[in-house]
Amino acid sequence: LILSFVFFVFSAYCYNATRVLSPFIFTSLIAFFCLSNRKINKKMYLIPLFFFGIGMLPMAIYFLSNASSENQSSLLLFGGESRAKILEFRSYVDIKPHFLSVLFFNSKILYLVEYLKNVFSYLSVNFFFINGPSHPINGVTNFGLFHLLEIIFVPLGIYTGLKKRMIALYPIYIWMGLVVILTSITKELPHPTRSYAILFPLIIFSSLGFTRIVALLQKLKLNSQRLGIIGAIILFFVYSTALYVVSYFYVFPYKYAQDWRAKDRELTAFIKENESKYTKIIIEENANFNYSSYLFNSLYDPKVLHNDQKYNKNGMLVTLTNFGKFEYRNVNPGEDSNLDNTLIITRAETVMDANLLKEIKLPIQKKVIF
C-alpha cells in the first residue's frame, strides 16, 4: 500500500493535464476502496498518506505560484484567448431590451455553454475512430485512436458494464468521468495529449464489448454464420492494421516530414560538430527547429540548461529565448549576416548575405503509379 502511494507520486509529475487528473483519480479510487472494504483499520492509511502529502507538496507549491498561473492560463477555457473570444462575441450582441443580453449572454452563461460543448466533444466519432487528431504531429491524420470497428465495441462495453452492474468496473467509470469533467475546463477538446488519460478506460470497455460480441456469436446455431462473421472481423482488423503501418512508414514520413521533424537529428549532429567554432548560434523561429529537439538529440546536460536558460513572454505563452550560446529569435538579414563567429540556422527562403555552410532538405515524395 505504501509503495502504491509512492509510485503514484512519481507518476503524477508528468504531463500538465495529468498533474490535475492524477490526484482526483487517485483520491476517488482510495475513497471507493475504503467504502468497499470498511473492515480495514483506517489507521493503516496514516503512513502512506504522510508520504503522499510530502510527495505532493512541491506540486501544491507550484500550483499556488505565479509561474503556474501564467504558464497554464492560456490553455484554460477561461484563459486569455477564450476570454477574448467571448468578449468579442458579446460586443456584437445588442438586443433590446438590454436586460435580455445581460441575462442570457453574460460571461458566466457563455463559459458554461463552452464547457458543455467540451464535455460533449468526447462523443466525437471522427476523433476516436475515423481520422484522429487533425494535426499531423499528433497522429497520421487518416486513422483514429482506435480501430474503426471498435466504434461498436466501446459503447457496447460501457452499456454491458452498467447493465450487469459490474462493481469491478466502477473505478473505471469514475476514471473516465473525471477525465471528461476536468479536462473540459481546457480548450480544443478532445485533445490528443490532454485527453490521453481517457484511452485506458476506453480500451477496457472495448475489450468488454468484444467479449460480448463473442458471447453472442457463440449462440448462433449455424457454424457457417459464426465463421463468416469472425472471418470478416479478423479481415477488417488485419487490413486496418496494414493501412496504419503503410501510412506510418511510407506516406507520412514524406508528406509530413517537417511536422515529424525528419531532419532534426541530422541538423543536431551538424551543430554539435561545428558549435566549438562559434561564440553564438542563432536559430530563427520559423526554422521549425525546437530547442527540445536539440536537447534530446544532443544529450544536453540538464544542469547546464537550468543554470543559464532565459525565458520571455511571447503573447500568452512563456517561451525559451536563450541557453548557453544558443539564441532563439527572428533573423535580420541585413544586420545578422555581418556578425562575427555566429552560426545562423534559418529557412531556405530567408535571403542572407553570408556563406552557406550546409543545406538540409526534407525527404522528397516518391512518385508511384499503379
# chains A, B, ... in the order shown; residues from 1 in each chain; ligands from 1
$ select_by_dssp --residues "segment 102-178 of chain A" --states "helix (DSSP H, G or I)" --output "MDAnalysis selection string"
chainID A and resid 102:104 107:123 125:130 136:138 150:163 167:178
$ residues_around --residues "Tyr244 of chain A" --least-positions-apart "6" --cutoff "10 Å" --atoms "only C-alpha atoms" --output "ChimeraX atom specification"
/A:140,142-144,147,250-251
$ residues_around --residues "Phe89 of chain A" --least-positions-apart "4" --cutoff "12 Å" --atoms "only C-alpha atoms" --output "MDAnalysis selection string"
chainID A and resid 82:85 93:94 101 105:107 110:111
$ residues_around --residues "Phe323 of chain A" --least-positions-apart "4" --cutoff "10 Å" --atoms "only C-alpha atoms" --output "list in words"
Tyr291, Val304, Leu305, His306, Asn307, Asp308, Gln309, Lys310, Tyr311, Glu327 and Tyr328 of chain A
$ atom_distance --atom1 "atom CA of Val245 of chain A" --atom2 "atom CA of Lys361 of chain A"
24.7 Å
$ closest_residue --among "A:Leu148, A:Ile283, A:Ile213, A:Ile204" --to "Val238 of chain A" --atoms "only C-alpha atoms"
A:Leu148
$ residues_around --residues "segment 176-187 of chain A" --least-positions-apart "2" --cutoff "7 Å" --atoms "only C-alpha atoms" --output "JSON, numbers by chain"
{"A": [21, 25, 75, 76, 77, 115, 118, 119, 172, 173, 174, 189, 194, 195, 197, 198, 201]}
$ write_last_selection --atoms "all heavy atoms" --output "compact mmCIF listing (two decimals), in the first residue's frame"
# COMPACT_ATOMS: atom_id res chain seq x y z
N LEU A 21 -5.38 15.52 -13.23
CA LEU A 21 -6.20 14.31 -13.25
C LEU A 21 -5.76 13.29 -12.20
O LEU A 21 -6.59 12.71 -11.51
CB LEU A 21 -6.14 13.67 -14.63
CG LEU A 21 -6.91 14.36 -15.75
CD1 LEU A 21 -6.57 13.74 -17.09
CD2 LEU A 21 -8.40 14.27 -15.49
N ILE A 25 -8.23 11.28 -9.64
CA ILE A 25 -8.49 9.87 -9.90
C ILE A 25 -8.01 9.02 -8.73
O ILE A 25 -8.70 8.11 -8.26
CB ILE A 25 -7.79 9.43 -11.20
CG1 ILE A 25 -8.44 10.13 -12.40
CG2 ILE A 25 -7.87 7.91 -11.38
CD1 ILE A 25 -7.73 9.87 -13.72
N LEU A 75 -4.22 27.83 -21.73
CA LEU A 75 -4.84 26.56 -22.12
C LEU A 75 -6.23 26.39 -21.56
O LEU A 75 -6.97 25.50 -21.99
CB LEU A 75 -3.96 25.38 -21.67
CG LEU A 75 -2.54 25.34 -22.21
CD1 LEU A 75 -1.79 24.16 -21.60
CD2 LEU A 75 -2.54 25.22 -23.73
N LEU A 76 -6.60 27.22 -20.58
CA LEU A 76 -7.86 27.04 -19.90
C LEU A 76 -9.02 27.66 -20.68
O LEU A 76 -8.83 28.57 -21.48
CB LEU A 76 -7.80 27.65 -18.50
CG LEU A 76 -6.77 27.03 -17.55
CD1 LEU A 76 -6.75 27.78 -16.23
CD2 LEU A 76 -7.06 25.55 -17.32
N LEU A 77 -10.21 27.15 -20.39
CA LEU A 77 -11.41 27.63 -21.06
C LEU A 77 -11.66 29.10 -20.74
O LEU A 77 -12.24 29.83 -21.55
CB LEU A 77 -12.60 26.77 -20.62
CG LEU A 77 -13.91 26.95 -21.37
CD1 LEU A 77 -13.74 26.56 -22.82
CD2 LEU A 77 -15.00 26.11 -20.72
N TYR A 115 -18.18 25.08 -21.83
CA TYR A 115 -17.81 23.90 -21.03
C TYR A 115 -18.64 22.68 -21.44
O TYR A 115 -18.11 21.58 -21.62
CB TYR A 115 -18.01 24.20 -19.55
CG TYR A 115 -17.70 23.02 -18.65
CD1 TYR A 115 -16.38 22.72 -18.31
CD2 TYR A 115 -18.72 22.22 -18.16
CE1 TYR A 115 -16.10 21.62 -17.50
CE2 TYR A 115 -18.45 21.13 -17.36
CZ TYR A 115 -17.13 20.84 -17.03
OH TYR A 115 -16.84 19.76 -16.23
N ASN A 118 -17.46 21.27 -24.62
CA ASN A 118 -16.26 20.46 -24.43
C ASN A 118 -16.59 19.08 -23.90
O ASN A 118 -16.00 18.08 -24.30
CB ASN A 118 -15.31 21.16 -23.47
CG ASN A 118 -14.52 22.27 -24.13
OD1 ASN A 118 -14.55 22.42 -25.34
ND2 ASN A 118 -13.81 23.05 -23.34
N VAL A 119 -17.55 19.02 -22.96
CA VAL A 119 -17.95 17.72 -22.41
C VAL A 119 -18.49 16.81 -23.51
O VAL A 119 -18.09 15.65 -23.64
CB VAL A 119 -19.02 17.92 -21.30
CG1 VAL A 119 -19.63 16.57 -20.91
CG2 VAL A 119 -18.41 18.60 -20.08
N ILE A 172 -13.34 2.36 -13.08
CA ILE A 172 -13.04 2.77 -14.46
C ILE A 172 -14.05 3.81 -14.93
O ILE A 172 -13.68 4.76 -15.64
CB ILE A 172 -13.05 1.53 -15.39
CG1 ILE A 172 -12.12 0.44 -14.84
CG2 ILE A 172 -12.63 1.93 -16.79
CD1 ILE A 172 -10.70 0.88 -14.66
N TYR A 173 -15.32 3.66 -14.53
CA TYR A 173 -16.31 4.68 -14.86
C TYR A 173 -15.96 6.01 -14.18
O TYR A 173 -16.12 7.08 -14.78
CB TYR A 173 -17.70 4.23 -14.43
CG TYR A 173 -18.32 3.17 -15.32
CD1 TYR A 173 -18.38 1.85 -14.90
CD2 TYR A 173 -18.84 3.50 -16.56
CE1 TYR A 173 -18.95 0.86 -15.71
CE2 TYR A 173 -19.40 2.53 -17.38
CZ TYR A 173 -19.46 1.22 -16.95
OH TYR A 173 -20.01 0.26 -17.76
N ILE A 174 -15.51 5.92 -12.93
CA ILE A 174 -15.09 7.13 -12.21
C ILE A 174 -13.93 7.79 -12.93
O ILE A 174 -13.90 9.01 -13.12
CB ILE A 174 -14.71 6.78 -10.75
CG1 ILE A 174 -15.93 6.30 -9.97
CG2 ILE A 174 -14.08 7.98 -10.06
CD1 ILE A 174 -15.61 5.78 -8.59
N LEU A 189 -10.85 20.56 -27.33
CA LEU A 189 -11.06 19.16 -26.95
C LEU A 189 -11.89 18.44 -28.01
O LEU A 189 -12.66 19.06 -28.74
CB LEU A 189 -11.77 19.10 -25.59
CG LEU A 189 -10.95 19.54 -24.40
CD1 LEU A 189 -11.81 19.48 -23.14
CD2 LEU A 189 -9.71 18.68 -24.22
N ARG A 194 -3.82 16.17 -23.88
CA ARG A 194 -4.54 16.47 -22.64
C ARG A 194 -5.63 15.45 -22.35
O ARG A 194 -6.05 15.30 -21.20
CB ARG A 194 -5.14 17.88 -22.70
CG ARG A 194 -4.10 18.98 -22.72
CD ARG A 194 -4.73 20.33 -22.40
NE ARG A 194 -5.58 20.82 -23.46
CZ ARG A 194 -5.14 21.53 -24.50
NH1 ARG A 194 -3.85 21.82 -24.60
NH2 ARG A 194 -5.98 21.96 -25.42
N SER A 195 -6.10 14.73 -23.38
CA SER A 195 -7.19 13.78 -23.20
C SER A 195 -6.72 12.32 -23.22
O SER A 195 -7.56 11.42 -23.23
CB SER A 195 -8.24 13.99 -24.30
OG SER A 195 -8.70 15.31 -24.34
N ALA A 197 -5.57 10.39 -21.08
CA ALA A 197 -5.90 9.55 -19.93
C ALA A 197 -7.21 8.79 -20.10
O ALA A 197 -7.46 7.82 -19.38
CB ALA A 197 -5.97 10.42 -18.67
N ILE A 198 -8.03 9.21 -21.06
CA ILE A 198 -9.29 8.51 -21.27
C ILE A 198 -9.11 7.24 -22.09
O ILE A 198 -10.02 6.40 -22.17
CB ILE A 198 -10.31 9.45 -21.97
CG1 ILE A 198 -11.74 8.97 -21.72
CG2 ILE A 198 -10.04 9.53 -23.48
CD1 ILE A 198 -12.80 9.92 -22.21
N PRO A 201 -9.55 3.68 -19.96
CA PRO A 201 -10.93 3.19 -19.76
C PRO A 201 -11.59 2.72 -21.06
O PRO A 201 -12.29 1.70 -21.06
CB PRO A 201 -11.65 4.42 -19.19
CG PRO A 201 -10.59 5.25 -18.57
CD PRO A 201 -9.38 5.05 -19.43
$ residues_around --residues "Leu149 of chain A" --least-positions-apart "2" --cutoff "10 Å" --atoms "only C-alpha atoms" --output "number ranges by chain"
A: 129-130, 146-147, 151-154, 206, 233, 236-237, 240
$ residues_around --residues "Leu216 of chain A" --least-positions-apart "4" --cutoff "12 Å" --atoms "only C-alpha atoms" --output "list of chain:residue names"
A:Gly209, A:Phe210, A:Thr211, A:Arg212, A:Leu220, A:Lys221, A:Gln225, A:Arg226, A:Ile229, A:Ile230
$ closest_atom_pairs --of "segment 190-287 of chain A" --to "segment 319-322 of chain A" --cutoff "12 Å" --atoms "only C-alpha atoms" --output "JSON lines"
{"residue": "A:Lys280", "atom": "CA", "partner": "A:Asn322", "partner_atom": "CA", "distance": 10.4}
{"residue": "A:Ile281", "atom": "CA", "partner": "A:Asn322", "partner_atom": "CA", "distance": 9.9}
{"residue": "A:Ile282", "atom": "CA", "partner": "A:Asn322", "partner_atom": "CA", "distance": 9.4}
{"residue": "A:Ile283", "atom": "CA", "partner": "A:Thr321", "partner_atom": "CA", "distance": 9.7}
{"residue": "A:Glu284", "atom": "CA", "partner": "A:Thr321", "partner_atom": "CA", "distance": 10.6}
{"residue": "A:Glu285", "atom": "CA", "partner": "A:Thr321", "partner_atom": "CA", "distance": 9.9}
$ atom_distance --atom1 "atom CA of Arg347 of chain A" --atom2 "atom CA of Phe289 of chain A"
10.0 Å
$ closest_residue --among "A:Lys277, A:Ser293, A:Leu103, A:Leu267" --to "Asn341 of chain A" --atoms "only C-alpha atoms"
A:Lys277
$ closest_residue --among "A:Leu222, A:Gly132, A:Trp175, A:Tyr248" --to "Pro192 of chain A" --atoms "only C-alpha atoms"
A:Gly132
$ select_by_dssp --residues "segment 93-314 of chain A" --states "strand (DSSP E or B)" --output "JSON, numbers by chain"
{"A": [186, 280, 281, 282, 283, 310, 311, 312, 313, 314]}
